[in-house]
$ cat run.txt   # compact mmCIF, C-alpha atoms and all ligand atoms
# COMPACT_ATOMS: atom_id res chain seq x y z
CA MET M 244 54.91 98.53 67.83
CA LEU M 245 54.63 100.83 70.84
CA GLN M 246 51.11 101.79 71.90
CA PRO M 247 50.27 105.51 72.38
CA PHE M 248 51.66 107.06 75.53
CA LYS M 249 49.39 107.56 78.57
CA LEU M 250 50.59 111.13 78.28
CA CYS M 251 51.73 112.82 81.45
CA ASN M 252 48.43 114.08 82.86
CA LEU M 253 50.49 114.80 85.92
CA VAL M 254 52.44 117.53 84.15
CA LEU M 255 49.41 119.00 82.41
CA SER M 256 47.31 119.18 85.56
CA ARG M 257 49.94 121.04 87.62
CA SER M 258 49.17 124.57 88.72
CA PHE M 259 50.67 126.29 85.67
CA SER M 260 51.91 129.59 87.06
CA GLY M 261 53.37 128.18 90.29
CA TYR M 262 55.07 125.33 88.50
CA VAL M 263 56.50 127.46 85.70
CA SER M 264 57.82 130.12 88.06
CA ARG M 265 59.56 127.47 90.19
CA ILE M 266 61.14 125.91 87.11
CA ARG M 267 62.28 129.30 85.80
CA TYR M 268 63.77 130.10 89.20
CA LEU M 269 65.69 126.82 89.19
CA MET M 270 66.91 127.50 85.65
CA ARG M 271 68.34 130.80 86.83
CA LEU M 272 70.05 129.17 89.81
CA LYS M 273 71.63 126.58 87.52
CA GLU M 274 72.97 129.20 85.11
CA ASP M 275 73.89 132.04 87.46
CA ASP M 276 76.53 131.21 90.09
CA GLU M 277 75.93 134.46 91.99
CA ALA M 278 72.17 133.86 92.22
CA CYS M 279 72.83 130.32 93.42
CA ARG M 280 75.26 131.50 96.11
CA GLU M 281 72.54 133.93 97.25
CA ALA M 282 69.99 131.10 97.32
CA LEU M 283 72.24 129.13 99.66
CA LYS M 284 71.45 131.74 102.32
CA SER M 285 67.80 130.69 102.42
CA GLY M 286 68.15 127.04 101.49
CA ASN M 287 66.93 123.71 102.81
CA PHE M 288 69.73 121.18 103.13
CA LEU M 289 69.72 117.39 102.99
CA LEU M 290 72.85 115.96 104.55
CA TYR M 291 74.56 112.74 103.44
CA HIS M 292 77.30 110.91 105.30
CA LYS M 293 79.24 108.78 102.80
CA LEU M 294 76.11 108.90 100.62
CA SER M 295 73.70 107.86 103.41
CA PRO M 296 70.92 110.46 103.88
CA LEU M 297 70.08 112.00 107.25
CA LEU M 298 66.66 110.90 108.57
CA ARG M 299 64.71 112.11 111.58
CA LYS M 300 62.09 110.32 113.61
CA THR M 301 58.78 112.19 113.80
CA SER M 302 56.61 112.49 116.92
CA SER M 303 54.33 109.78 115.49
CA GLY M 304 57.27 107.34 115.24
CA THR M 305 57.65 107.46 111.44
CA TYR M 306 60.74 108.79 109.62
CA LYS M 307 61.31 111.69 107.26
CA LEU M 308 64.24 113.29 105.49
CA ALA M 309 65.88 115.84 107.77
CA SER M 310 65.79 119.20 106.02
CA LEU M 311 67.98 121.84 107.68
CA LYS M 312 67.71 125.59 107.23
CA THR M 313 70.93 127.49 106.42
CA SER M 314 71.27 129.07 109.86
CA ASP M 315 70.75 125.70 111.60
CA LEU M 316 73.27 124.02 109.31
CA GLU M 317 75.86 126.74 109.93
CA GLN M 318 75.39 126.37 113.66
CA ILE M 319 75.81 122.60 113.44
CA LEU M 320 78.97 122.97 111.35
CA GLU M 321 80.41 125.39 113.88
CA ASN M 322 79.58 122.99 116.71
CA VAL M 323 81.48 120.15 115.01
CA GLY M 324 84.43 122.42 114.22
CA LYS M 325 83.84 122.97 110.50
CA ASP M 326 84.02 126.32 108.69
CA THR M 327 80.54 127.57 107.73
CA HIS M 328 81.79 128.27 104.16
CA PHE M 329 81.50 124.51 103.71
CA VAL M 330 77.81 125.19 102.96
CA ASN M 331 78.96 126.46 99.52
CA GLU M 332 79.91 122.89 98.59
CA SER M 333 76.24 121.93 98.42
CA PHE M 334 74.53 120.94 95.18
CA LEU M 335 71.19 122.28 94.00
CA LEU M 336 68.43 119.65 93.98
CA GLY M 337 65.23 121.57 93.33
CA CYS M 338 62.83 123.75 95.22
CA THR M 339 59.91 123.14 97.53
CA ASP M 340 56.29 123.95 96.65
CA LYS M 341 56.87 127.22 98.50
CA GLY M 342 59.77 128.06 96.17
CA GLU M 343 62.52 127.44 98.73
CA PRO M 344 65.71 126.06 97.16
CA GLN M 345 66.83 122.57 98.22
CA PHE M 346 70.44 121.40 98.34
CA SER M 347 72.37 118.24 99.16
CA LEU M 348 75.66 118.28 101.07
CA GLU M 349 78.11 115.41 101.64
CA VAL M 350 79.49 115.53 105.20
CA GLY M 351 81.36 112.22 105.09
CA ASP M 352 84.62 113.83 106.29
CA LEU M 353 83.00 114.86 109.59
CA ASP M 354 82.41 112.73 112.65
CA ARG M 355 79.23 110.76 112.05
CA SER M 356 77.99 110.32 115.60
CA ALA M 357 78.76 113.95 116.54
CA LEU M 358 76.71 115.10 113.56
CA GLU M 359 73.84 112.72 114.32
CA LYS M 360 73.72 114.09 117.85
CA GLU M 361 73.82 117.72 116.67
CA CYS M 362 71.19 117.10 113.97
CA ARG M 363 68.94 114.90 116.14
CA GLY M 364 68.84 112.33 113.36
CA MET M 365 70.63 109.35 111.88
CA PHE M 366 72.36 108.60 108.61
CA VAL M 367 70.74 105.58 106.99
CA ASP M 368 71.84 103.54 103.98
CA LEU M 369 69.65 104.65 101.06
CA ARG M 370 68.21 101.19 100.31
CA LYS M 371 67.08 100.92 103.92
CA ALA M 372 65.90 104.55 103.96
CA PHE M 373 63.56 103.75 101.06
CA PHE M 374 61.70 101.34 103.33
CA MET M 375 61.42 103.99 106.05
CA LEU M 376 60.57 107.18 104.17
CA PRO M 377 57.10 108.26 103.03
CA GLY M 378 56.68 107.61 99.26
CA PRO M 379 57.14 111.16 97.92
CA GLU M 380 60.45 111.66 99.78
CA SER M 381 62.25 108.67 98.23
CA PRO M 382 62.92 110.27 94.80
CA LEU M 383 64.41 113.37 96.45
CA ALA M 384 66.64 111.24 98.69
CA ALA M 385 67.73 109.29 95.58
CA LYS M 386 68.40 112.41 93.55
CA GLY M 387 70.51 113.93 96.31
CA GLN M 388 72.64 110.81 96.55
CA ALA M 389 72.96 110.41 92.77
CA LEU M 390 74.17 113.98 92.29
CA LEU M 391 76.74 113.68 95.08
CA ARG M 392 78.04 110.41 93.64
CA TRP M 393 78.28 111.84 90.15
CA HIS M 394 80.40 114.75 91.38
CA GLN M 395 82.59 112.44 93.46
CA THR M 396 83.32 110.25 90.43
CA ASN M 397 83.76 112.99 87.81
CA CYS M 398 86.50 115.11 89.34
CA TYR M 399 88.84 114.58 86.37
CA CYS M 400 88.51 115.12 82.63
CA SER M 401 88.57 111.82 80.71
CA ALA M 402 90.39 113.52 77.79
CA THR M 403 93.16 115.41 79.63
CA GLY M 404 93.23 113.91 83.13
CA GLN M 405 93.07 117.46 84.49
CA PRO M 406 90.70 118.35 87.37
CA THR M 407 87.18 119.41 86.41
CA VAL M 408 85.55 122.39 88.12
CA ARG M 409 81.90 122.50 89.16
CA ASN M 410 79.57 125.45 88.73
CA GLN M 411 77.89 126.69 91.91
CA SER M 412 74.65 124.75 91.46
CA GLY M 413 76.45 121.52 90.52
CA SER M 414 74.51 121.14 87.27
CA LEU M 415 77.80 120.65 85.35
CA ARG M 416 81.59 120.34 85.58
CA VAL M 417 84.10 121.89 83.17
CA CYS M 418 87.66 120.98 82.24
CA HIS M 419 89.33 124.34 81.58
CA SER M 420 92.19 122.62 79.82
CA SER M 421 90.11 120.85 77.12
CA GLY M 422 87.01 123.06 77.32
CA ILE M 423 84.84 119.94 77.74
CA THR M 424 81.66 120.36 79.81
CA TYR M 425 80.38 117.30 81.68
CA TYR M 426 76.73 116.98 82.71
CA PRO M 427 75.32 114.48 85.25
CA LYS M 428 74.52 111.25 83.40
CA MET M 429 71.96 108.49 83.70
CA ALA M 430 72.18 105.16 81.86
CA PRO M 431 68.91 104.27 80.07
CA VAL M 432 67.46 100.94 81.25
CA VAL M 433 64.36 99.14 79.98
CA ILE M 434 62.16 97.21 82.38
CA VAL M 435 59.29 95.08 81.14
CA LEU M 436 56.52 93.02 82.65
CA VAL M 437 55.78 90.19 80.25
CA SER M 438 52.33 88.59 80.37
CA ASP M 439 50.87 85.54 78.61
CA GLY M 440 47.35 86.78 79.28
CA SER M 441 46.78 85.09 82.63
CA ARG M 442 50.27 84.91 84.17
CA CYS M 443 53.23 87.28 84.35
CA LEU M 444 56.91 86.52 84.06
CA LEU M 445 59.25 87.52 86.88
CA ALA M 446 62.93 86.78 87.34
CA ARG M 447 65.62 86.98 89.98
CA GLN M 448 69.35 87.62 89.90
CA ALA M 449 71.57 85.74 92.35
CA MET M 450 72.37 89.05 94.11
CA PHE M 451 68.70 89.84 94.90
CA PRO M 452 67.55 89.35 98.51
CA PRO M 453 66.16 85.81 99.04
CA GLY M 454 62.69 85.29 97.57
CA MET M 455 62.52 88.57 95.60
CA TYR M 456 61.48 88.36 91.96
CA SER M 457 61.25 91.39 89.66
CA ALA M 458 60.34 92.32 86.10
CA LEU M 459 62.96 91.74 83.39
CA SER M 460 65.35 94.64 82.91
CA GLY M 461 68.50 95.61 81.09
CA PHE M 462 70.74 98.47 80.00
CA CYS M 463 70.11 99.93 76.54
CA ASP M 464 72.97 99.47 74.10
CA MET M 465 74.41 102.45 72.25
CA GLY M 466 72.24 103.33 69.26
CA GLU M 467 69.22 101.29 70.35
CA SER M 468 65.65 102.53 70.69
CA MET M 469 63.72 101.65 73.84
CA GLU M 470 61.67 99.14 71.83
CA GLU M 471 64.76 97.44 70.39
CA ALA M 472 66.39 97.23 73.82
CA LEU M 473 63.26 95.72 75.27
CA HIS M 474 62.91 93.04 72.58
CA ARG M 475 66.63 92.21 72.86
CA GLU M 476 66.71 91.99 76.67
CA VAL M 477 63.74 89.61 76.82
CA ALA M 478 65.25 87.45 74.05
CA GLU M 479 68.67 87.42 75.76
CA GLU M 480 67.47 86.76 79.30
CA VAL M 481 64.57 84.32 78.81
CA GLY M 482 64.56 83.42 75.10
CA LEU M 483 61.09 84.78 74.33
CA GLU M 484 59.74 87.11 71.64
CA VAL M 485 57.47 89.85 72.96
CA GLU M 486 54.77 91.91 71.26
CA ASN M 487 52.22 94.62 72.11
CA LEU M 488 54.60 96.89 74.00
CA GLN M 489 52.77 99.40 76.16
CA TYR M 490 54.54 102.23 77.91
CA SER M 491 53.80 102.55 81.62
CA GLY M 492 56.14 105.16 83.10
CA SER M 493 59.70 106.08 83.98
CA GLN M 494 61.85 106.50 87.05
CA HIS M 495 65.30 107.64 88.05
CA TRP M 496 67.01 104.76 89.84
CA PRO M 497 70.12 105.52 91.91
CA PHE M 498 71.57 101.97 92.27
CA PRO M 499 74.36 101.17 91.59
CA GLN M 500 74.91 104.28 89.44
CA SER M 501 72.14 106.49 88.08
CA SER M 502 69.81 104.73 85.65
CA PHE M 503 66.81 106.09 83.80
CA MET M 504 64.24 103.30 83.97
CA LEU M 505 61.72 103.09 81.10
CA ALA M 506 58.92 100.74 82.08
CA CYS M 507 56.63 98.85 79.69
CA HIS M 508 54.16 96.00 79.57
CA ALA M 509 54.43 93.39 76.85
CA THR M 510 52.76 90.12 75.90
CA VAL M 511 53.87 86.81 74.46
CA ASN M 512 51.90 84.31 72.45
CA PRO M 513 50.26 82.03 75.12
CA ASP M 514 51.40 79.00 73.07
CA LYS M 515 55.06 80.09 73.26
CA THR M 516 55.80 80.62 76.95
CA LYS M 517 58.64 78.17 77.58
CA VAL M 518 61.48 80.13 79.13
CA ASN M 519 65.11 79.49 78.28
CA ILE M 520 67.05 81.29 81.01
CA ASP M 521 70.42 82.97 80.50
CA LYS M 522 72.04 81.56 83.63
CA ALA M 523 74.89 84.07 83.47
CA GLU M 524 72.38 86.88 84.15
CA LEU M 525 69.51 85.25 85.99
CA GLU M 526 69.24 82.71 88.76
CA ASP M 527 65.61 81.95 87.94
CA ALA M 528 62.66 83.17 85.86
CA ARG M 529 59.14 81.82 86.05
CA TRP M 530 55.49 82.50 85.39
CA PHE M 531 53.35 83.64 88.33
CA THR M 532 49.57 83.42 88.62
CA TYR M 533 47.29 86.30 89.58
CA GLU M 534 46.75 84.69 93.00
CA GLU M 535 50.48 84.50 93.72
CA ILE M 536 50.99 88.11 92.64
CA SER M 537 48.01 89.38 94.65
CA GLU M 538 49.28 87.66 97.76
CA ALA M 539 52.78 89.16 97.28
CA LEU M 540 51.40 92.68 96.73
CA GLN M 541 49.24 92.46 99.84
CA ASN M 542 52.03 91.21 102.09
CA PRO M 543 55.21 93.17 101.40
CA PRO M 544 58.15 92.53 103.75
CA ARG M 545 58.51 95.23 106.39
CA ASP M 546 62.25 94.89 106.68
CA PRO M 547 64.32 93.65 103.70
CA ARG M 548 66.74 91.87 106.06
CA ARG M 549 64.34 89.77 108.16
CA ASP M 550 61.20 87.63 107.98
CA LEU M 551 61.24 87.49 104.21
CA PRO M 552 58.36 85.61 102.57
CA ALA M 553 59.19 82.73 100.19
CA PHE M 554 58.12 84.96 97.29
CA TRP M 555 57.91 88.75 97.26
CA VAL M 556 58.10 91.59 94.75
CA PRO M 557 60.08 94.86 94.79
CA PRO M 558 58.68 97.49 97.16
CA SER M 559 56.41 100.33 96.11
CA TYR M 560 59.17 102.88 95.42
CA ALA M 561 60.52 100.66 92.59
CA ILE M 562 58.90 101.03 89.18
CA ALA M 563 58.84 97.22 88.93
CA ASN M 564 56.20 97.34 91.66
CA GLN M 565 54.11 99.78 89.61
CA LEU M 566 54.20 97.42 86.61
CA ILE M 567 53.19 94.44 88.74
CA GLN M 568 50.43 96.44 90.43
CA GLU M 569 49.07 97.59 87.05
CA TRP M 570 49.09 94.03 85.73
CA ALA M 571 47.24 92.79 88.84
CA ASN M 572 44.63 95.57 88.50
CA GLN M 573 44.07 94.73 84.88
CA GLN M 574 43.72 91.01 85.70
CA GLN M 575 41.25 91.82 88.46
CA LEU M 576 39.18 93.91 86.07
CA SER M 577 39.11 91.24 83.41
CA ARG M 578 38.18 88.59 86.03
CA LYS M 579 35.26 90.73 87.15
CA LEU M 580 34.12 91.12 83.57
CA HIS M 581 34.22 87.32 83.20
CA GLY M 582 32.42 86.76 86.51
CA LEU M 583 35.50 85.26 88.22
CA LYS M 584 36.77 86.14 91.70
N1 LIG P 601 63.58 100.39 89.85
C1 LIG P 601 63.26 99.15 89.57
O1 LIG P 601 62.11 98.75 89.72
C2 LIG P 601 64.32 98.20 89.06
C3 LIG P 601 65.59 98.65 88.75
N2 LIG P 601 66.53 97.82 88.18
C4 LIG P 601 67.84 98.38 87.84
O2 LIG P 601 68.03 98.28 86.45
C5 LIG P 601 69.42 98.23 86.16
C6 LIG P 601 69.70 97.24 85.06
O3 LIG P 601 69.21 95.99 85.39
P1 LIG P 601 69.95 94.62 85.01
O4 LIG P 601 68.87 93.65 84.75
O5 LIG P 601 70.93 94.29 86.07
O6 LIG P 601 70.75 94.96 83.66
P2 LIG P 601 71.28 93.95 82.55
O7 LIG P 601 70.29 92.88 82.30
O8 LIG P 601 71.73 94.76 81.38
O9 LIG P 601 72.49 93.19 83.25
C7 LIG P 601 73.52 93.82 83.87
C8 LIG P 601 74.74 93.67 82.98
O10 LIG P 601 74.99 94.91 82.37
C9 LIG P 601 76.33 95.34 82.65
N3 LIG P 601 76.24 96.79 82.92
C10 LIG P 601 76.36 97.43 84.08
N4 LIG P 601 76.23 98.76 83.94
C11 LIG P 601 76.02 98.96 82.62
C12 LIG P 601 75.80 100.12 81.84
N5 LIG P 601 75.76 101.35 82.39
N6 LIG P 601 75.59 99.97 80.51
C13 LIG P 601 75.63 98.75 79.95
N7 LIG P 601 75.83 97.60 80.65
C14 LIG P 601 76.03 97.71 81.97
C15 LIG P 601 76.77 94.52 83.83
O11 LIG P 601 78.09 94.17 83.70
P3 LIG P 601 79.01 93.79 84.97
O12 LIG P 601 79.05 92.30 84.97
O13 LIG P 601 80.32 94.42 84.63
O14 LIG P 601 78.39 94.40 86.21
C16 LIG P 601 75.91 93.26 83.74
O15 LIG P 601 76.56 92.27 82.97
C17 LIG P 601 70.11 97.92 87.47
O16 LIG P 601 70.76 99.10 87.89
C18 LIG P 601 68.99 97.60 88.43
O17 LIG P 601 69.28 98.04 89.74
C19 LIG P 601 66.24 96.51 87.91
C20 LIG P 601 64.99 96.00 88.21
C21 LIG P 601 63.97 96.78 88.86
MG MG P 602 68.73 92.11 83.36
$ encode --input "run.txt" --output "structure tokens"
Amino acid sequence: MLQPFKLCNLVLSRSFSGYVSRIRYLMRLKEDDEACREALKSGNFLLYHKLSPLLRKTSSGTYKLASLKTSDLEQILENVGKDTHFVNESFLLGCTDKGEPQFSLEVGDLDRSALEKECRGMFVDLRKAFFMLPGPESPLAAKGQALLRWHQTNCYCSATGQPTVRNQSGSLRVCHSSGITYYPKMAPVVIVLVSDGSRCLLARQAMFPPGMYSALSGFCDMGESMEEALHREVAEEVGLEVENLQYSGSQHWPFPQSSFMLACHATVNPDKTKVNIDKAELEDARWFTYEEISEALQNPPRDPRRDLPAFWVPPSYAIANQLIQEWANQQQLSRKLHGLK
């Protein structure tokens, strides 16, 4: 049985009027093509080259997403020989705290190095960009890429084979032949950190970078609840029965297509912890002690391609990391209560 939600304090504590007016503004831009075209004139644009976002180095040597104003973007397009009307092919992402609309634009048909020079930035593969960007910018970079990919792969109606047409904001595509409206989709995925009370269970797929172990995860089947999917995935992948499901949070995940990650904690009976791995899905799954987890959390790899530790966990932008962090905090607390280090 699912425990009560840690309800979204985040949403409730937001400045009500500012938040609501931004959301209402975005609603209007999604529904009203003319208003959205107008908003493009005062927009902030994230550029993607073949789905890699444009990053800029700051004066302090860190990186951030490059956000271009409309006039700057038009100038850059002119300089690389592209019509400024190309700006209209952007997709609405959201708006800043100041109420400025944000858009993403795919510029993969243009010369990459000429653009990088003009923009004083560089296009970086999204997985790598996640290691470089400050935490709050990663979800925006992911959303921009996910929306572009969805439009690129939904140009035709699956019923008629006819082209679909986007609205100005990019919140939907319509097939005028069948009348079907397509909305951007995410596949629901459950992710669960299983604990036996003193250890947690992590697994790795053969395609993971060497040494990385993560929480168990899997796509929900049609018709399943989150709880059913979670019980099934753990049974399928490691042959265990879980109980005491506790919701932790959710996350949009852009790889390889858009997933909606629903993250939970769960426990198993400490007398029934023997794992029986589905080798078709997982390369390995094993129980890790608090000490091993603490060490991994304190020493994350700086670059996913080099100097990888023998054991490490997904980086902080992944919800798996949040689950592992929460488990470690809870272990630390219970150790303190029991007078252990
Ligand atoms: N943010 C985070 O912290 C984490 C995110 N994830 C993400 O969760 C997702 C699911 O994890 P994973 O453990 O691999 O899933 P599963 O355990 O369900 O295993 C993947 C299997 O599902 C199939 N599949 C692929 N796409 C879908 C779909 N849309 N619906 C149903 N089945 C599908 C694959 O088939 P095929 O053989 O054809 O590819 C593959 O056999 C992945 O996208 C992964 O990147 C995972 C862990 C951590
Ligand atoms: Mg899985």
$ atom_distance --input "run.txt" --atom1 "CA of Phe374 in chain M" --atom2 "CA of Ser356 in chain M"
22.3 Å
$ closest_residue --input "run.txt" --among "M:Asp527, M:Asp514, M:Glu476, M:Glu361" --to "ligand MG 602 (chain P)" --atoms "only C-alpha atoms and all ligand atoms"
M:Glu476
$ residues_near_ligand --input "run.txt" --ligand "ligand LIG 601 (chain P)" --cutoff "6 Å" --atoms "all atoms listed in the file" --output "PyMOL selection string"
chain M and resi 430+432+460-462+496+498-499+561-563
$ closest_residue --input "run.txt" --among "M:Arg355, M:Lys307, M:Arg529, M:Arg578" --to "Lys517 in chain M" --atoms "all atoms listed in the file"
M:Arg529
$ residues_near_ligand --input "run.txt" --ligand "ligand MG 602 (chain P)" --cutoff "9 Å" --atoms "only C-alpha atoms and all ligand atoms" --output "list in words"
Val433, Ile434, Ala446, Arg447, Gln448, Ala458, Leu459, Ser460, Gly461, Phe462, Glu476, Val477, Glu479, Glu480, Glu524 and Leu525 of chain M
$ closest_residue --input "run.txt" --among "M:Gly492, M:Pro344, M:Gly304, M:Pro558" --to "Leu283 in chain M" --atoms "only C-alpha atoms"
M:Pro344
$ atom_distance --input "run.txt" --atom1 "CA of Glu535 in chain M" --atom2 "CA of Asn572 in chain M"
13.6 Å
$ closest_residue --input "run.txt" --among "M:Pro406, M:Pro431, M:Pro544, M:Gly440" --to "Ala472 in chain M" --atoms "only C-alpha atoms"
M:Pro431
$ residues_around --input "run.txt" --residues "Lys341 in chain M" --least-positions-apart "5" --cutoff "12 Å" --atoms "all atoms listed in the file" --output "PyMOL selection string"
chain M and resi 261-262+264-265+268+286-287
$ write_last_selection --input "run.txt" --atoms "C-alpha atoms" --output "mmCIF file, in the frame of the given file"
data_model
loop_
_atom_site.group_PDB
_atom_site.id
_atom_site.type_symbol
_atom_site.label_atom_id
_atom_site.label_comp_id
_atom_site.auth_asym_id
_atom_site.auth_seq_id
_atom_site.Cartn_x
_atom_site.Cartn_y
_atom_site.Cartn_z
ATOM 1 C CA GLY M 261 53.370 128.180 90.290
ATOM 2 C CA TYR M 262 55.070 125.330 88.500
ATOM 3 C CA SER M 264 57.820 130.120 88.060
ATOM 4 C CA ARG M 265 59.560 127.470 90.190
ATOM 5 C CA TYR M 268 63.770 130.100 89.200
ATOM 6 C CA GLY M 286 68.150 127.040 101.490
ATOM 7 C CA ASN M 287 66.930 123.710 102.810
#
$ closest_residue --input "run.txt" --among "M:Tyr425, M:Phe554, M:Phe346, M:Phe451" --to "Glu526 in chain M" --atoms "all atoms listed in the file"
M:Phe451
$ closest_residue --input "run.txt" --among "M:Gly454, M:Pro513, M:Gly387, M:Gly582" --to "Pro497 in chain M" --atoms "all atoms listed in the file"
M:Gly387
$ atom_distance --input "run.txt" --atom1 "CA of Ser412 in chain M" --atom2 "CA of Ala389 in chain M"
14.5 Å
$ residues_around --input "run.txt" --residues "range 419-421 of chain M" --least-positions-apart "4" --cutoff "10 Å" --atoms "only C-alpha atoms" --output "list in words"
Cys400, Ser401, Ala402, Thr403, Gly404, Gln405, Pro406, Thr407 and Val408 of chain M
$ residues_around --input "run.txt" --residues "Tyr291 in chain M" --least-positions-apart "6" --cutoff "9 Å" --atoms "all atoms listed in the file" --output "JSON, numbers by chain"
{"M": [297, 347, 348, 349, 350, 351, 366, 367, 387, 388, 391]}
